[in-house]
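J.: Structure incoming, see below.
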Amino acid sequence: MSNISADSNPAAASSGLAAPVAQFFIPAAASLQERRPRTLKHGDTFAVFDYNGDALSGPGSPEGLFHRDTRYLSHLYLTINGQRPMLLSSTLRDDNATLTCDLTNPDLFDNKGKLVLAHDLVHLRRSRFLWNARCYERVAVRNYDDRRQHVRIQIAFEADFADLFEVRGTVRARRGRNLPAVIEQDCVLLSYIGLDGRKRSTRLSFVPEPAEIRSNLVTYDLHLEPHETRSLFVTIGCDQASANRPNHRFFFLALRDARRALHASSSRAASIATSNEIFNEAARRSVSDLYMLMTDKAEGPYPYAGIPWFSTVFGRDALITALQTLWLDPQIAHGVLGHLAANQATDIDPASDAEPGKILHEVRYGEMAELGEVPFRRYYGSIDSTPLFVMLAGEYLKRTGDLATIDRLLPHLEAALTWIDEHGDRDGDSFIEYGRLTEEGLINQAWKDSHDSVFHADGTLASGPIAIVEVQAYVYGAWQSAAEIFRRTGRPERAASFLARAEGLRRAFDISFFDEELGTYVLALDGDKRPCRVRSSNAGHALFTGIAYPERVAQIARTLMSASSFCGWGIRTIPSTEARYNPMSYHNGSIWPHDNALIASGLARYGYRAEAARIFEGLFAASTYIDLRRLPELLCGLPRQRARGPTFYPVACSPQAWAAAAPLSLLQSCLGLDFDPNGLQISFNVPRLPPFLDEVILRRLLIGNGSADVAIRRSGRQVVVDVMDRHGNVQVLTIA
């Protein structure tokens, strides 16, 4: 992921200056694991709440309602008779459509210390969801006492209109100004004019009208008969400067539309059911998270990277997520390719690290991005997005046979391939290097983009331009994809040229990157072409694209699966043998689910399905200890111990798109699942089930205009594939 580093600028922070912090780090002042947030998302809006459904303001708090990289609500706090209710339960629906918090009253006393309401007599149910830049909530208050009760419900609120990068820890010298609140009998309008001249507003509407309404507090005095329920409705709109007079029907109509939209998008995906109910929960949550993170663009669905820090367009993350889910729902890849093509760079712009043909890294809409206080308004500083774009196009064609879409993309693919030649290979040595064009850009521009993630064996940081190992593998994959695309579009000469270039790169890569003593590929070549002789998970990506010669794979697999690298939960980014190993670091010893899924896919590609299944088992075992069975962005790389769960990383995003896709990709790798749209064939190449699964049932595996429902079952030491149903002239093959 992007924009994170252990590097900070404490001097600038202490002085109050807005000095640029090169890597736009996320400080670990508040652990997301400690807060255990509940997250919701729709479109360009997301929310982070605590288990009670509140958003508690304070230093380091990531909670609140965010829209287009600005926090529109920074504080929300419900009390009953002046006290915080006690938590009963807090749950997200399986499809992530709604958050439900069940609460009850504590013992409540009057000002003389007399008990006026014993605990657990009043039940509060807070039901909340997001839809079209609004947060809708219903608070149902029920009296379970056999006597009439009077309760006072108060809801306090604030809006700080902080830019997301401020919430993440960046200190600004100046901010815009808050306007006086506009108060009506049933709504409050809070507004802010930023230094960019834009007015941002939060409208809070209340039904029924409160007994009292102020600029930061509403009060309801409820007289409840025995077993009576009263409902309060709150709507919080982002940039809703005017609105129809609210009523309770708005909540139910919006809830209907939100659920229908989620169901319509997620119904494209193949369904997964297995013999392990816990894995079924994990798989359902993965699919639900993917479609919650999906945002509809003009070109199609696009998965935003993760909540809370990365709920926006990221090129690399979406491309890898689309690759991981091609078997499940090819429309994700279609939307990603279309949107990234529409936003491909056409000019050289050093401030945004843009060059013609380059594919987006990140887009931001907040005040700081608009003012250039951070460089990410439309930022192209990733070395891998462009070859991954070409790779995904080729894999999409192989999965779907959709030549019409590829024809539309051809000018963009040509531009991306030209960028690799003219800008990616800076010194003509056939390897692709990165280096930022200004001092404000990211120092490291591969997926491990922390400032200290590329180093030599003695721990010395590498100087650029840097040729990182996995990007050479991606370029190999891009040229293989280009060859397939040009072959299918009737240009065999160009196809042959790219195949020859890919083979030439493969030879040069093996000579310059493989290290016999390490038993794997080196991490990178620095600016002086000195190898960074460091073992890393990056090398596993060479297996993913097939650049590795088969005779190297056994040694690489042993290195990746050694005790210093595979800790039991997964493969560490950096094994414990290396100088900068730290299991609690972001990129130097942690475990990333998406990284492991790509490695497992590479291992399976070369026939190492047992190793892929071992990785799958480790990550699944980790998920059983995690709230909602949701794999986060990353875990700490501490060793797995009997009867203990994994160690969490304090500021990991959850949900995260490529982490959500990881179990789905791992399942495909173990099953050897592949598609041939021209022959209408679905194949299982030497399928293997991980030890925690005895049966997998896949329904609605789409190919062409047909589909198949398939059961994969363990039978003794064998795995058999049974076709349960099929639509159209679809063949299902098992390759032993």
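To be explicit about the labels: the chains of the structure tokens are called A, B, and onward in the order shown, and within each one the residues are counted from 1, while ligands get numbers from 1 in the order they are shown.
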Counting only C-alpha atoms, what is within 8 Å of Val188 of chain A, bar same-chain residues fewer than 3 positions away, as a PyMOL selection string?
T.: chain A and resi 181-184+203-205+214-215
J.: Could you take the residues named above and write them with C-alpha atoms, as a CSV table (one decimal), in the first residue's frame?
T.:
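Written file, part.csv:
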chain,number,residue,atom,x,y,z
A,181,ALA,CA,-24.1,26.8,12.5
A,182,VAL,CA,-27.5,27.2,10.9
A,183,ILE,CA,-30.1,25.7,13.3
A,184,GLU,CA,-33.7,24.9,12.3
A,203,ARG,CA,-26.5,18.6,7.4
A,204,LEU,CA,-27.9,16.7,10.3
A,205,SER,CA,-31.6,16.1,10.2
A,214,ARG,CA,-28.4,23.2,19.5
A,215,SER,CA,-25.3,23.6,17.3
J.: Set the distance at 6 Å and use only C-alpha atoms: which residues neighbour segment 42-52 of chain A once local chain neighbours fewer than 5 positions away are removed? I'd like the list as a list in words.
T.: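 Counting only the stated atoms, we get Pro37, Glu63, Gly64, Leu65, Phe66, His67, Arg68, Ser90, Cys101, Leu130, Trp131, Ala133 and Thr295 of chain A.
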J.: Pull C-alpha atoms from the residues just selected and write them as a PDB file, in the first residue's frame.
T.:
ATOM      1  CA  PRO A  37     -13.801  -0.081  14.672  1.00  0.00           C
ATOM      2  CA  GLU A  63     -13.483   7.724  13.720  1.00  0.00           C
ATOM      3  CA  GLY A  64     -16.134   9.704  11.932  1.00  0.00           C
ATOM      4  CA  LEU A  65     -17.948  10.097   8.635  1.00  0.00           C
ATOM      5  CA  PHE A  66     -15.689  10.772   5.630  1.00  0.00           C
ATOM      6  CA  HIS A  67     -16.563  11.894   2.129  1.00  0.00           C
ATOM      7  CA  ARG A  68     -14.049  12.405  -0.670  1.00  0.00           C
ATOM      8  CA  SER A  90     -22.414  -4.836  17.716  1.00  0.00           C
ATOM      9  CA  CYS A 101     -25.603  -1.852  17.811  1.00  0.00           C
ATOM     10  CA  LEU A 130     -24.575   4.699   4.106  1.00  0.00           C
ATOM     11  CA  TRP A 131     -26.225   5.572   0.840  1.00  0.00           C
ATOM     12  CA  ALA A 133     -23.265  10.486   0.546  1.00  0.00           C
ATOM     13  CA  THR A 295     -17.337   2.012  -6.294  1.00  0.00           C
TER      14      THR A 295
END
J.: In Å to one decimal, how far is atom CA of Ala613 of chain A from atom CA of Ser669 of chain A?
T.: 8.4 Å
J.: Find the spatial neighbours of segment 492-496 of chain A, counting only C-alpha atoms, within a cut-off of 9 Å - ignore same-chain residues fewer than 6 positions away - and output them as a PyMOL selection string.
T.: chain A and resi 479-480+482-486
J.: Which of these residues is nearest to Ala264 of chain A, using only C-alpha atoms: A:Pro208, A:Phe250, A:Tyr291, A:Val363?
T.: A:Tyr291
J.: Please provide the set of residues having any atom within 6 Å of segment 298-309 of chain A, restricted to only C-alpha atoms, with same-chain residues fewer than 3 positions apart removed, written as a PyMOL selection string.
T.: chain A and resi 293-295+312-313+317-318+332+335-336+338-339+653-657
J.: Create the file for the chosen residues now, containing N, CA and C atoms and written as a short mmCIF file (atom, residue, chain, number, x, y, z; two decimals), in the first residue's frame.
T.:
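Printed below is selection-v3.cif as written:
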data_model
loop_
_atom_site.label_atom_id
_atom_site.label_comp_id
_atom_site.auth_asym_id
_atom_site.auth_seq_id
_atom_site.Cartn_x
_atom_site.Cartn_y
_atom_site.Cartn_z
N LEU A 293 -16.38 -2.37 -0.90
CA LEU A 293 -15.30 -1.48 -1.33
C LEU A 293 -15.45 -1.07 -2.79
N MET A 294 -16.31 -1.75 -3.54
CA MET A 294 -16.51 -1.44 -4.94
C MET A 294 -17.22 -0.09 -5.08
N THR A 295 -16.73 0.72 -6.00
CA THR A 295 -17.34 2.01 -6.29
C THR A 295 -17.65 2.06 -7.78
N THR A 312 -10.05 5.11 -1.77
CA THR A 312 -9.99 5.90 -3.00
C THR A 312 -9.40 5.03 -4.09
N VAL A 313 -9.24 5.60 -5.28
CA VAL A 313 -8.66 4.88 -6.40
C VAL A 313 -7.16 4.71 -6.18
N ASP A 317 -3.30 -1.51 -6.31
CA ASP A 317 -4.18 -2.34 -5.49
C ASP A 317 -5.34 -2.90 -6.29
N ALA A 318 -5.96 -2.04 -7.10
CA ALA A 318 -7.11 -2.50 -7.88
C ALA A 318 -6.70 -3.50 -8.95
N ILE A 332 -15.03 -7.01 -12.55
CA ILE A 332 -14.15 -6.15 -11.75
C ILE A 332 -12.96 -5.73 -12.60
N GLY A 335 -13.95 -3.11 -15.21
CA GLY A 335 -14.07 -1.76 -14.68
C GLY A 335 -12.73 -1.13 -14.35
N VAL A 336 -11.82 -1.92 -13.79
CA VAL A 336 -10.50 -1.41 -13.43
C VAL A 336 -9.73 -0.99 -14.67
N GLY A 338 -10.91 -0.14 -17.58
CA GLY A 338 -11.53 1.03 -18.21
C GLY A 338 -11.23 2.31 -17.48
N HIS A 339 -11.32 2.29 -16.15
CA HIS A 339 -11.09 3.51 -15.39
C HIS A 339 -9.63 3.94 -15.44
N CYS A 653 -5.30 -1.37 7.74
CA CYS A 653 -6.65 -1.13 7.22
C CYS A 653 -7.44 -2.44 7.22
N SER A 654 -8.71 -2.31 7.51
CA SER A 654 -9.61 -3.46 7.50
C SER A 654 -11.04 -2.94 7.37
N PRO A 655 -11.72 -3.26 6.28
CA PRO A 655 -11.32 -4.17 5.21
C PRO A 655 -10.34 -3.53 4.22
N GLN A 656 -9.61 -4.38 3.55
CA GLN A 656 -8.64 -4.00 2.51
C GLN A 656 -8.91 -4.89 1.31
N ALA A 657 -9.00 -4.30 0.12
CA ALA A 657 -9.49 -5.04 -1.05
C ALA A 657 -8.62 -6.24 -1.37
#
J.: Can you list, as a count of residues only, every residue of segment 433-522 of chain A that DSSP puts in helix (DSSP H, G or I)?
T.: 42
J.: Among the residues of segment 356-548 of chain A, find those DSSP assigns to strand (DSSP E) from the backbone and print them as a PyMOL selection string.
T.: chain A and resi 362-363+378-379+467-468+514-515+520-521+524-525+531-532
J.: Which residues, written as a ChimeraX atom specification, have at least one atom at most 7 Å from Arg128 of chain A, with only C-alpha atoms counted and residues fewer than 5 positions away on the same chain left out?
T.: /A:98-100,136-138
J.: For the residues in that selection, give me N, CA and C atoms as a compact mmCIF listing (two decimals), in the first residue's frame.
T.:
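Listing of selection.txt after writing:
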# COMPACT_ATOMS: atom_id res chain seq x y z
N THR A 98 -25.62 -3.01 6.73
CA THR A 98 -26.00 -2.22 7.90
C THR A 98 -25.16 -2.60 9.10
N LEU A 99 -24.99 -1.62 9.98
CA LEU A 99 -24.39 -1.82 11.30
C LEU A 99 -25.51 -1.75 12.32
N THR A 100 -25.57 -2.74 13.19
CA THR A 100 -26.58 -2.77 14.25
C THR A 100 -25.87 -2.85 15.60
N TYR A 136 -27.55 7.17 7.33
CA TYR A 136 -28.90 7.05 7.87
C TYR A 136 -28.84 6.23 9.15
N GLU A 137 -29.61 6.69 10.16
CA GLU A 137 -29.66 5.94 11.41
C GLU A 137 -31.07 5.94 11.98
N ARG A 138 -31.44 4.78 12.50
CA ARG A 138 -32.66 4.66 13.29
C ARG A 138 -32.27 4.22 14.69
J.: For Ala97 of chain A, please output as an MDAnalysis selection string all residues within 10 Å (counting only C-alpha atoms; exclusion window: fewer than 4 positions along the same chain).
T.: chainID A and resid 40:42 92:93 128:131 255 258:263 288 292
J.: Just write the chosen residues, N, CA and C atoms, as a PDB file, in the first residue's frame.
T.:
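File selection-v4.pdb, as written:
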ATOM      1  N   LEU A  40     -18.299   1.215   7.512  1.00  0.00           N
ATOM      2  CA  LEU A  40     -19.304   1.188   6.455  1.00  0.00           C
ATOM      3  C   LEU A  40     -18.757   1.973   5.265  1.00  0.00           C
ATOM      4  N   LYS A  41     -19.229   1.644   4.060  1.00  0.00           N
ATOM      5  CA  LYS A  41     -18.810   2.390   2.879  1.00  0.00           C
ATOM      6  C   LYS A  41     -19.882   2.319   1.812  1.00  0.00           C
ATOM      7  N   HIS A  42     -20.048   3.434   1.110  1.00  0.00           N
ATOM      8  CA  HIS A  42     -20.794   3.432  -0.139  1.00  0.00           C
ATOM      9  C   HIS A  42     -20.222   4.537  -1.022  1.00  0.00           C
ATOM     10  N   LEU A  92     -22.169  -6.310  12.055  1.00  0.00           N
ATOM     11  CA  LEU A  92     -22.411  -5.936  10.669  1.00  0.00           C
ATOM     12  C   LEU A  92     -23.180  -7.064  10.001  1.00  0.00           C
ATOM     13  N   ARG A  93     -24.155  -6.724   9.184  1.00  0.00           N
ATOM     14  CA  ARG A  93     -24.803  -7.759   8.375  1.00  0.00           C
ATOM     15  C   ARG A  93     -23.767  -8.494   7.547  1.00  0.00           C
ATOM     16  N   ARG A 128     -27.762   1.443  11.230  1.00  0.00           N
ATOM     17  CA  ARG A 128     -27.120   2.525  10.468  1.00  0.00           C
ATOM     18  C   ARG A 128     -26.564   1.983   9.160  1.00  0.00           C
ATOM     19  N   PHE A 129     -26.621   2.812   8.125  1.00  0.00           N
ATOM     20  CA  PHE A 129     -26.041   2.449   6.831  1.00  0.00           C
ATOM     21  C   PHE A 129     -25.713   3.727   6.059  1.00  0.00           C
ATOM     22  N   LEU A 130     -24.939   3.581   4.978  1.00  0.00           N
ATOM     23  CA  LEU A 130     -24.575   4.699   4.106  1.00  0.00           C
ATOM     24  C   LEU A 130     -25.231   4.507   2.750  1.00  0.00           C
ATOM     25  N   TRP A 131     -25.651   5.620   2.182  1.00  0.00           N
ATOM     26  CA  TRP A 131     -26.225   5.572   0.840  1.00  0.00           C
ATOM     27  C   TRP A 131     -26.178   6.971   0.231  1.00  0.00           C
ATOM     28  N   LEU A 255     -32.722   2.380   2.720  1.00  0.00           N
ATOM     29  CA  LEU A 255     -32.252   1.051   3.117  1.00  0.00           C
ATOM     30  C   LEU A 255     -32.592   0.022   2.041  1.00  0.00           C
ATOM     31  N   ALA A 258     -30.196   0.603  -0.891  1.00  0.00           N
ATOM     32  CA  ALA A 258     -28.822   0.204  -0.573  1.00  0.00           C
ATOM     33  C   ALA A 258     -28.665  -1.308  -0.628  1.00  0.00           C
ATOM     34  N   ARG A 259     -29.624  -2.019  -0.059  1.00  0.00           N
ATOM     35  CA  ARG A 259     -29.533  -3.483  -0.060  1.00  0.00           C
ATOM     36  C   ARG A 259     -29.684  -4.045  -1.469  1.00  0.00           C
ATOM     37  N   ARG A 260     -30.580  -3.468  -2.241  1.00  0.00           N
ATOM     38  CA  ARG A 260     -30.760  -3.939  -3.615  1.00  0.00           C
ATOM     39  C   ARG A 260     -29.479  -3.743  -4.430  1.00  0.00           C
ATOM     40  N   ALA A 261     -28.838  -2.584  -4.257  1.00  0.00           N
ATOM     41  CA  ALA A 261     -27.619  -2.308  -5.018  1.00  0.00           C
ATOM     42  C   ALA A 261     -26.501  -3.274  -4.644  1.00  0.00           C
ATOM     43  N   LEU A 262     -26.349  -3.542  -3.346  1.00  0.00           N
ATOM     44  CA  LEU A 262     -25.329  -4.495  -2.916  1.00  0.00           C
ATOM     45  C   LEU A 262     -25.603  -5.888  -3.454  1.00  0.00           C
ATOM     46  N   HIS A 263     -26.855  -6.280  -3.398  1.00  0.00           N
ATOM     47  CA  HIS A 263     -27.211  -7.613  -3.894  1.00  0.00           C
ATOM     48  C   HIS A 263     -26.974  -7.717  -5.393  1.00  0.00           C
ATOM     49  N   SER A 288     -18.269 -10.035   0.591  1.00  0.00           N
ATOM     50  CA  SER A 288     -19.009  -8.852   1.023  1.00  0.00           C
ATOM     51  C   SER A 288     -18.101  -7.630   1.104  1.00  0.00           C
ATOM     52  N   MET A 292     -18.493  -4.159  -0.950  1.00  0.00           N
ATOM     53  CA  MET A 292     -18.647  -2.904  -0.213  1.00  0.00           C
ATOM     54  C   MET A 292     -17.599  -1.900  -0.668  1.00  0.00           C
TER      55      MET A 292
END
J.: Counting only C-alpha atoms, figure out which residue out of A:Arg71, A:Val141, A:Ala539, A:Ala322 gets nearest to Leu103 of chain A.
T.: A:Val141
J.: Got a sec: who's within 9 Å of Gln718 of chain A, counting only C-alpha atoms, leaving out chain neighbours fewer than 3 positions off, as a PDB file with N, CA and C atoms, in the first residue's frame?
T.:
ATOM      1  N   PRO A 687      -5.983 -30.660  -8.884  1.00  0.00           N
ATOM      2  CA  PRO A 687      -6.577 -29.949  -7.738  1.00  0.00           C
ATOM      3  C   PRO A 687      -6.125 -30.547  -6.409  1.00  0.00           C
ATOM      4  N   ARG A 688      -5.970 -29.671  -5.440  1.00  0.00           N
ATOM      5  CA  ARG A 688      -5.587 -30.092  -4.090  1.00  0.00           C
ATOM      6  C   ARG A 688      -6.440 -29.302  -3.102  1.00  0.00           C
ATOM      7  N   ARG A 713     -14.269 -32.690  -4.158  1.00  0.00           N
ATOM      8  CA  ARG A 713     -14.342 -33.437  -2.906  1.00  0.00           C
ATOM      9  C   ARG A 713     -13.075 -34.269  -2.698  1.00  0.00           C
ATOM     10  N   ARG A 714     -12.712 -34.409  -1.431  1.00  0.00           N
ATOM     11  CA  ARG A 714     -11.635 -35.312  -1.068  1.00  0.00           C
ATOM     12  C   ARG A 714     -12.162 -36.741  -1.052  1.00  0.00           C
ATOM     13  N   SER A 715     -11.432 -37.633  -1.680  1.00  0.00           N
ATOM     14  CA  SER A 715     -11.802 -39.050  -1.698  1.00  0.00           C
ATOM     15  C   SER A 715     -10.534 -39.847  -1.422  1.00  0.00           C
TER      16      SER A 715
END
